[in-house]
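Structure first, commentary second.
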Amino acid sequence: MTRLPKLIAFDLDGTLWWPEMYMLDGGAPFRRDKSGAVFDKRNERIELMGASEAVLRELATDPKWRDTEIAYVSRTEYPEWAIPCLKTFLVNNGGGAEGGDSNGSGSGNGSKDGRNLLDISSYQEIYPGSKITHFKKIHKDSGVAYEDMLFFDNEKWNCTECSRLGIVCVYTPRGLTKEAWERGLADFATAQASRQ
């Protein structure tokens, strides 16, 4: 059996969702409508990109991932918007929202039937600065070796920089697509096999 990553990290802006936080005119508070769509306070929609919803749902619900932790690693200038936005997106077996309108300003899961994106993560390094700093903090807090981490980011230089730590990095210029996800898992398996 192929060894799975012990930790999978995702950039937010341009990797998991669009538009990027700095592009929003409104920002927090965010709300979720009955269809599961997420909007900022000026009703601009924030959407999960590509396969983001399916990948995060798989990580949150498939037993094969029970020993893998999720981290969010973002250099955003707006962490005060990113955290509530994570709280507003739900991940559950059926997808979409359950229980009608909700906002991401409070704590808790925001739904009786699902958890939100913040709930499913173990680490959130969301602040300006080098992603090397973010990963060093995650490594210290988690005890997970860099070689056991997989990271998805839409900025090539972040991937180049973080790969120097030994992290398997996947460049996602169009966000987290199914192809990028599968390539990341294959690259991780190849890296693990080369270490044996």
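As shown in the structure tokens, the chain order sets the letters A, B, ...; within each chain, residues go from 1, and ligands are also counted from 1 in the order they appear.
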(request) May I have the residues within 9 Å of Ala145 in chain A as a VMD selection string, using only C-alpha atoms and disregarding those fewer than 3 positions away in the same chain? (result) chain A and resid 6 139 142 148 to 149 166 to 167
(request) Skip Trp65 in chain A itself and residues of its chain fewer than 3 positions away, then list as a list in words all residues within 12 Å of it, counting only C-alpha atoms. (result)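 Result of the neighbour search: Arg3, Leu4, Pro5, Lys6, Leu7, Ile8, Val55, Leu56, Arg57, Glu58, Leu59, Ala60, Thr61, Asp62, Thr68, Glu69, Ile70 and Ile120 of chain A.
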Could you pull the residues within 12 Å of Lys136 in chain A, counting only C-alpha atoms, minus those fewer than 4 positions along the same chain, as a compact mmCIF listing (two decimals) with N, CA and C atoms, in the first residue's frame?
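What follows is the written file result04.txt:
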```txt
# COMPACT_ATOMS: atom_id res chain seq x y z
N VAL A 73 -2.19 27.32 4.74
CA VAL A 73 -0.97 28.12 4.78
C VAL A 73 -1.16 29.26 3.79
N TYR A 123 -4.18 22.85 11.54
CA TYR A 123 -3.25 23.97 11.63
C TYR A 123 -3.67 25.06 10.65
N GLU A 125 -1.92 28.58 9.48
CA GLU A 125 -0.87 29.60 9.47
C GLU A 125 -1.28 30.60 8.39
N SER A 130 6.82 34.83 5.02
CA SER A 130 7.32 33.68 4.27
C SER A 130 6.59 32.40 4.66
N LYS A 131 6.30 31.59 3.65
CA LYS A 131 5.68 30.30 3.94
C LYS A 131 6.66 29.34 4.60
N ILE A 132 7.95 29.63 4.49
CA ILE A 132 8.95 28.87 5.25
C ILE A 132 8.65 29.01 6.75
N LYS A 140 7.01 22.31 13.94
CA LYS A 140 7.25 22.35 15.39
C LYS A 140 6.01 21.90 16.17
N ASP A 141 4.84 22.40 15.78
CA ASP A 141 3.60 22.08 16.50
C ASP A 141 3.11 20.66 16.27
N SER A 142 3.33 20.13 15.06
CA SER A 142 2.78 18.83 14.70
C SER A 142 3.76 17.67 14.91
N GLY A 143 5.04 17.97 14.81
CA GLY A 143 6.03 16.90 14.84
C GLY A 143 6.13 16.13 13.54
N VAL A 144 5.38 16.56 12.52
CA VAL A 144 5.41 15.89 11.22
C VAL A 144 6.65 16.34 10.45
N ALA A 145 7.41 15.36 9.95
CA ALA A 145 8.59 15.66 9.15
C ALA A 145 8.18 16.35 7.85
N TYR A 146 9.00 17.25 7.36
CA TYR A 146 8.70 17.95 6.11
C TYR A 146 8.47 16.97 4.97
N MET A 149 4.94 15.81 4.29
CA MET A 149 3.96 16.85 3.99
C MET A 149 3.79 16.99 2.48
N CYS A 162 9.41 26.33 -0.57
CA CYS A 162 9.05 25.32 0.43
C CYS A 162 9.61 23.93 0.09
N LEU A 165 12.70 22.69 1.88
CA LEU A 165 12.58 22.06 3.21
C LEU A 165 12.40 20.55 3.10
N GLY A 166 12.08 20.07 1.90
CA GLY A 166 11.81 18.64 1.71
C GLY A 166 10.33 18.35 1.55
N ILE A 167 9.50 19.39 1.52
CA ILE A 167 8.05 19.24 1.33
C ILE A 167 7.79 18.93 -0.14
```
(message) List the spatial neighbours of range 187-191 of chain A as a ChimeraX atom specification - criterion: any atom at most 7 Å away, only C-alpha atoms, same-chain residues fewer than 4 positions off excluded.
(response) /A:2-3,150,168,183,195
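The set of residues in range 28-151 of chain A assigned to strand (DSSP E or B) by DSSP, using only backbone atoms of this structure, is Arg31, Arg32, Val38, Phe39, Arg45, Ile46, Glu47, Leu48, Glu69, Ile70, Ala71, Tyr72, Val73, Ser74, Leu90, Val91, Ser102, Asn103, Arg115, Asn116, Tyr123, Gln124, Glu125, Ile126, Met149, Leu150 and Phe151 of chain A.
Closest approach to Leu117 in chain A among A:Lys87, A:Arg42, A:His134, A:Arg75: A:Lys87, based on only C-alpha atoms.
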(message) as a ChimeraX atom specification, please: the residues near Tyr22 in chain A (cut-off 9 Å, only C-alpha atoms, same-chain neighbours under 3 positions excluded).
(response) /A:13,19,25,27,76-78
(request) One decimal, Å: what's the distance from CA of Phe151 in chain A over to CA of Asp11 in chain A, could you say? (result) 7.9 Å
(request) Check range 54-101 of chain A with DSSP on the backbone and list each residue it calls alpha helix (DSSP H), as an NGL selection string. (result) :A and (54-61 or 79-88)
(request) Go through A:Cys169, A:Ala82, A:Ala71, A:Leu118 and flag the residue nearest Phe30 in chain A, using only C-alpha atoms for the distances. (result)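 Between A:Cys169, A:Ala82, A:Ala71, A:Leu118, the residue approaching Phe30 in chain A most closely is A:Ala82.
In terms of minimum interatomic distance to Met49 in chain A, A:Leu16 ranks closest within A:Leu16, A:Ile126, A:Val91, A:Cys85, counting only C-alpha atoms.
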(request) Name the closest residue to Pro173 in chain A among the candidates A:Gly14, A:Lys137, A:Gln196, A:Asp67; distances are taken between atoms, counting only C-alpha atoms. (result) A:Gly14
(message) Could you tell me how far CA of Ala51 in chain A sits from CA of Lys178 in chain A, in Å to one decimal place?
(response) 5.3 Å
